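Comments concern the structure below.
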Amino acid sequence: MDVLWFRLPRHPQDHVPFFQGGKGALISIDRGDYWQLAYAIPAGALAELKTAGLAAFRERVAHLAPALRDRVGHLDDWAAVHHLSVRVDRLPRWHRPGLLCIGDAAHAMSPAGGVGINLAVQDAVATANLLGPLLARGGTPEDADLARVQTRRERAARITQAFQLGILRDLYPKDLGDDTTGHVPPIFTAFRTLPPLRHLLGRFIGLGVRPEHIAA
């Protein structure tokens with residue numbers, strides 16, 4: 001998918017849900033004096049959206065967040081809308097002599113769940129634990145040393161990406177005319193019927209598949 005990021009002023013009396021489906025999908029983040037907003041569209045659909053015009057885009061936003069209708073006029077130029085291409089992929093090999101990729105450099109994540117930063121920090125902790133003692137002695141990591149980091153962390157990245165792509169696939173619009181309320185992800189239904197799943201997901205997001213702890 002692609003995401004269009006922009007901001008609109010926030011008023012104290014505003015009531016805007018964090019996520020709203022419809023024609024597209026809108027995520028609203030309260031930043032105190034403004035709303036940071038993310039409008040999800042299918043990958044490569046920005047040109048089509050621009051062809052329809054900025055007024056049509058403002059109407060899409062206002063339809064998903066009626067409380068903001070009185071200020072969507074602040075979006076008076078496409079320059080106020082920042083385009084982010086979202087991709088989920090992995091390097092087949094994270095290392096070369098003298099180089100080790102971790103975090104987003106090794107495995108690009110979907111923003112779903114906000115777990116990308118968690119994995120990046122865990123990668124860094126694992127790297128410090130595995131390579132720190134050698135570097136502290138003034139040694140130079142060999143290829144096998146670098147490979148140990150990928151061996152330890154790759155499975156966690158694979159499982160997390162599979163979760164993002166599989167469980168949340170129906171969260172995003174298939175085309176610009178798609179109404180996302182017509183294909184609610186199964187996990188949302190499960191949350192409503194089995195509230196304990198929320199706690200399990202919170203643990204999954206917070207700790208991940210393979211938690212890492214700084215070695216003593």
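Each chain in the structure tokens gets a letter, A, B, ..., in the order shown, and its residues are numbered from 1; ligands are numbered from 1 in order too.
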
Quiz item: Could you name the residues that touch A:Arg152 at 10 Å or less, counting only C-alpha atoms, but leaving out those on the same chain fewer than 2 positions away, as a ChimeraX atom specification?
Solution: /A:123,126-127,130,147-150,154-156,210

Env of A:Thr180: 6 Å cut, atoms = only C-alpha atoms, seq-sep filter 4 positions within chain, self excluded. Answer as a PDB file with all heavy atoms, in the first residue's frame.
```pdb
ATOM      1  N   GLY A  21     -12.404   3.066   8.696  1.00  0.00           N
ATOM      2  CA  GLY A  21     -12.458   2.513   7.356  1.00  0.00           C
ATOM      3  C   GLY A  21     -13.561   3.150   6.539  1.00  0.00           C
ATOM      4  O   GLY A  21     -14.445   3.814   7.075  1.00  0.00           O
ATOM      5  N   GLY A  22     -13.519   2.944   5.243  1.00  0.00           N
ATOM      6  CA  GLY A  22     -14.493   3.501   4.319  1.00  0.00           C
ATOM      7  C   GLY A  22     -13.860   3.527   2.939  1.00  0.00           C
ATOM      8  O   GLY A  22     -13.245   2.549   2.512  1.00  0.00           O
ATOM      9  N   PRO A 173      -7.281  -0.771   1.470  1.00  0.00           N
ATOM     10  CA  PRO A 173      -8.138  -0.739   0.274  1.00  0.00           C
ATOM     11  C   PRO A 173      -7.480  -1.441  -0.909  1.00  0.00           C
ATOM     12  O   PRO A 173      -6.268  -1.378  -1.092  1.00  0.00           O
ATOM     13  CB  PRO A 173      -8.302   0.757   0.005  1.00  0.00           C
ATOM     14  CG  PRO A 173      -7.095   1.395   0.618  1.00  0.00           C
ATOM     15  CD  PRO A 173      -6.785   0.574   1.830  1.00  0.00           C
TER      16      PRO A 173
END
```

Exercise. Would you please work out which residue, of A:Pro9, A:Ala55, A:Ile117, A:Glu48, is nearest to A:Asp33 when using only C-alpha atoms?
Key: A:Pro9

Quiz item: Just how far from atom CA of A:Gly44 is atom CA of A:Asp30, in Å to one decimal?
Solution: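 Those two atoms sit 27.7 Å apart.
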
Practice problem: Skip A:Arg90 itself and residues of its chain fewer than 3 positions away, then list as a ChimeraX atom specification all residues within 10 Å of it, counting only C-alpha atoms. | Solution: /A:87,93-94,104-109,154,157-158,161

Atoms to include: N, CA and C atoms. Write the selected residues as a compact mmCIF listing (two decimals), in the first residue's frame.
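That gives us out24.txt:
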```
# COMPACT_ATOMS: atom_id res chain seq x y z
N ARG A 87 6.43 -1.01 1.98
CA ARG A 87 6.80 -2.30 1.43
C ARG A 87 7.23 -3.21 2.57
N ARG A 93 20.41 -11.91 2.51
CA ARG A 93 21.67 -11.97 3.27
C ARG A 93 21.90 -10.61 3.91
N TRP A 94 22.08 -10.58 5.22
CA TRP A 94 22.18 -9.33 5.95
C TRP A 94 23.61 -8.81 6.06
N ASP A 104 15.42 -1.81 9.78
CA ASP A 104 14.80 -1.59 8.48
C ASP A 104 15.75 -1.85 7.32
N ALA A 105 17.04 -1.73 7.55
CA ALA A 105 18.00 -2.00 6.48
C ALA A 105 18.00 -3.47 6.09
N ALA A 106 17.60 -4.33 7.02
CA ALA A 106 17.58 -5.77 6.76
C ALA A 106 16.18 -6.28 6.44
N HIS A 107 15.16 -5.66 7.06
CA HIS A 107 13.79 -6.15 6.89
C HIS A 107 12.82 -4.98 7.00
N ALA A 108 12.33 -4.51 5.86
CA ALA A 108 11.35 -3.42 5.86
C ALA A 108 10.01 -3.95 6.34
N MET A 109 9.39 -3.22 7.28
CA MET A 109 8.16 -3.68 7.89
C MET A 109 6.99 -2.79 7.48
N GLU A 154 16.49 -13.46 12.19
CA GLU A 154 15.70 -13.54 10.97
C GLU A 154 14.34 -14.19 11.20
N ALA A 157 11.78 -11.71 12.39
CA ALA A 157 11.34 -10.81 11.32
C ALA A 157 10.36 -11.51 10.39
N ARG A 158 10.65 -12.76 10.03
CA ARG A 158 9.77 -13.50 9.13
C ARG A 158 8.39 -13.70 9.73
N GLN A 161 6.46 -10.32 9.91
CA GLN A 161 6.00 -9.90 8.59
C GLN A 161 4.83 -10.77 8.11
```

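With only C-alpha atoms as the atoms that count, the minimum distance from A:Arg7 to the choices A:Val115, A:Leu37, A:Leu131, A:Cys101 is reached by A:Leu37.
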
Quiz item: Contacts of A:Ser28 at 9 Å or less, counting only C-alpha atoms, minus same-chain residues fewer than 6 places along, as JSON, numbers by chain?
Solution: {"A": [16, 17, 18, 19, 20, 35, 36, 37, 38, 39, 65]}

Output file for the selection above: C-alpha atoms, as a PDB file, in the first residue's frame:
```
ATOM      1  CA  VAL A  16     -11.768  11.445  15.962  1.00  0.00           C
ATOM      2  CA  PRO A  17     -11.268   7.647  16.092  1.00  0.00           C
ATOM      3  CA  PHE A  18      -7.768   6.275  15.767  1.00  0.00           C
ATOM      4  CA  PHE A  19      -8.831   4.160  12.772  1.00  0.00           C
ATOM      5  CA  GLN A  20     -11.704   4.660  10.386  1.00  0.00           C
ATOM      6  CA  TRP A  35      -3.829  15.700  14.133  1.00  0.00           C
ATOM      7  CA  GLN A  36      -1.266  13.650  12.291  1.00  0.00           C
ATOM      8  CA  LEU A  37      -3.235  11.761   9.684  1.00  0.00           C
ATOM      9  CA  ALA A  38      -2.395   8.807   7.474  1.00  0.00           C
ATOM     10  CA  TYR A  39      -4.657   7.991   4.533  1.00  0.00           C
ATOM     11  CA  ALA A  65     -13.455  12.068   9.812  1.00  0.00           C
TER      12      ALA A  65
END
```

Exercise. Name the residues of chain A that fall into alpha helix (DSSP H) according to DSSP on the backbone, using the chain letters and numbers of this document, as a VMD selection string.
Key: chain A and resid 46 to 52 54 to 64 116 to 136 143 to 167 186 to 193 196 to 207

Exercise. Pick out the closest residue to A:Val86 from this set: A:Asp70, A:Glu212, A:Asp175, A:Asp2. Count only C-alpha atoms.
Key: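 Residue with the minimum atom-to-atom distance to A:Val86: A:Asp2.
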
Practice problem: Please run DSSP on the backbone and report, as a PyMOL selection string, all residues within chain A that come out as strand (DSSP E). | Solution: chain A and resi 2-9+19-22+24-30+34-41+82-85+89-90+95-96+99-100+107-108

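Relative to atom CA of A:Lys174, atom CA of A:Leu46 is found at 13.3 Å.
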